[in-house]
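Reading through the structure tokens given below for one structure.
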Amino acid sequence: MPGVFDRLEKEIKVRQQQDGITALDLVDLPPALRKIMRLMLRELQMSYPRLREAMESMPETDRLTPDQLDAALSNLTQQFWLTHIGEGEKAIYKVNLRKKTGSTLAAGIWSSLDTKLKGKPKE
Amino acid sequence: MSNGKIVSIHSFRGGTGKSNTTANLAAQIALTGKRVGVVDTDIQSPGIHVLFGLDEDKMGKTMNDFLHGKATIKEIGFNIGENTGGDEGRAKLKGKNLWLFPASIRGREISQILREGIDFNKLNEGLQSTISEFNLDYLFIDTHPGLNEETLLSIATSDILIIILRPDNQDLQGTSVTVDIARSLDVPNLFLLVNKALPKYDFAKIRDDIQNQFNAQVTGVLPLSFDMAENASKDLFSLRYPDHEWSKSLVGVVDFVLAAK
């Protein structure tokens with residue numbers, strides 16, 4: 001029987017998949033955050049000190065102050081666009097991409113297609 | 001982050017010759033000694049494997065298996081350099097570092113993806129791991145035509161985006177949308193490649209007109225070719241017919257890719 005933690009973990013996972021960021025959402029982010037999100041997509045995850053370092057290497061016009069960066073990270077995390085393990089200096093952030101939803105066609109169509117495809121000896 | 005570059009090849013409409021161009025370009029770059037990967041993210045209508053001589057019998061694990069947690073990226077990479085021979089153009093790739101990461105051509109597996117959707121966190125993890133695990137210099141992503149979520153993800157994560165278009169008004173309008181989005185996503189290198197241009201036209205004028213219209217580098221203008229159509233994706237055209245006008249124009253694109261920062 002699943003425990004409370006299993007259930008909570010499952011709920012968080014579902015929420016993450018529903019509330020993740022899409023590539024189009026990146027367009028609307030401030031330039032500095034968009035650059036960081038792009039970098040995070042490439043690196044898969046980034047530690048807080050590495051994020052600060054990346055921010056400091058940006059052109060002055062794009063750069064966020066440490067307080068602005070903290071606020072942005074908190075905001076992105078609340079929206080489930082970022083997930084993190086650990087807190088403060090030890091936090092490791094990861095982009096959470098929204099799952100592409102499956103087809104909304106009636107289930108019967110898929111099961112009928114599956115049956116037909118299973119019946120084929122070889123494609 | 002690995003130093004390998006992601007090159008997304010995109011077209012707003014189908015039939016532009018995207019997969020053919022991607023496969024030939026990747027092969028030409030592998031011939032220069034670079035380590036190259038090609039991922040088929042066109043999961044709903046995969047096709048680039050045909051150009052590399054891969055059929056269902058030879059195809060092992062696929063991107064579909066990876067997305068469903070049934071295979072690692074290491075298991076999916078099909079080594080073209082070790083699996084080519086005979087007198088085909090592809091034989092020139094023998095011993096080269098070129099891997100294909102195919103999408104499944106089995107109907108059941110395609111329908112499963114359509115039915116269940118795609119975990120983009122997993123897809124992105126796969127793209128990035130491909131570069132690090134195979135120590136690639138370049139990873140080419142063959143995308144589904146048009147703007148969909150997979151395409152946007154590949155654009156968002158790429159270092160180089162090559163948009164293929166025909167000199168056709170429908171293509172031009174669609175390309176304009178894609179260029180706008182790519183610019184909004186800060187893609188560092190945005191290139192255009194014109195394919196299927198009627199040989200009777202002035203290619204220099206086509207290049208200048210399109211370059212001015214989009215304010216983006218046109219890396220080449222490839223002619224519409226019956227020879228290419230006759231090849232029917234049976235082989236890598238630029239390797240089999242290196243002196244053909246289409247091939248020579250395509251080789252010109254290689255320099256742009258190699259020079260991109």
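Scheme for the structure tokens: letters A, B, ... for chains in order shown; per-chain residue numbers from 1; ligand numbers from 1 in order shown.
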
Enumerate, in order of chain and increasing residue number, the residues of chain B with an atom no farther than 8 Å from chain A, each with its shortest atom pair and distance in Å to one decimal, counting only C-alpha atoms, as a Markdown table.
| residue | atom | partner | partner_atom | distance |
| --- | --- | --- | --- | --- |
| B:Met1 | CA | A:Glu43 | CA | 5.1 |
| B:Arg106 | CA | A:Glu123 | CA | 6.5 |
| B:Gly107 | CA | A:Leu117 | CA | 6.6 |
| B:Arg108 | CA | A:Leu117 | CA | 6.2 |
| B:Ser111 | CA | A:Trp110 | CA | 7.4 |
| B:Ile113 | CA | A:Gly102 | CA | 7.3 |
| B:Leu114 | CA | A:Gly102 | CA | 5.7 |
| B:Arg115 | CA | A:Gly102 | CA | 4.7 |
| B:Glu116 | CA | A:Gly102 | CA | 4.3 |
| B:Gly117 | CA | A:Gly102 | CA | 3.8 |
| B:Ile118 | CA | A:Lys100 | CA | 4.9 |
| B:Asp119 | CA | A:Lys99 | CA | 4.7 |
| B:Phe120 | CA | A:Lys99 | CA | 5.6 |
| B:Asn121 | CA | A:Leu97 | CA | 5.5 |
| B:Asn124 | CA | A:Leu41 | CA | 7.3 |
| B:Glu125 | CA | A:Leu44 | CA | 6.7 |
| B:Gln128 | CA | A:Arg42 | CA | 6.3 |
| B:Glu149 | CA | A:Ala23 | CA | 7.2 |
| B:Leu152 | CA | A:Ala23 | CA | 5.6 |
| B:Leu153 | CA | A:Ala23 | CA | 5.5 |
| B:Ala156 | CA | A:Ala23 | CA | 6.4 |
| B:Thr157 | CA | A:Arg38 | CA | 6.2 |
| B:Ile181 | CA | A:Val27 | CA | 7.7 |
| B:Ser184 | CA | A:Val27 | CA | 5.5 |
| B:Leu185 | CA | A:Val27 | CA | 5.7 |
| B:Asp186 | CA | A:Lys35 | CA | 7.7 |

Exercise for the section: DSSP on the backbone, then: every residue of chain A marked alpha helix (DSSP H), written as a VMD selection string. Expected result: chain A and resid 4 to 19 23 to 27 31 to 43 48 to 56 66 to 78 107 to 119

Practice task
Skip region 159-168 of chain B itself and residues of its chain fewer than 5 positions away, then list as a PyMOL selection string all residues within 9 Å of it, counting only C-alpha atoms.
Solution key: chain B and resi 5-13+16-18+21+154+173-175+178-179+182+187-198+206+210+219+257+260-261
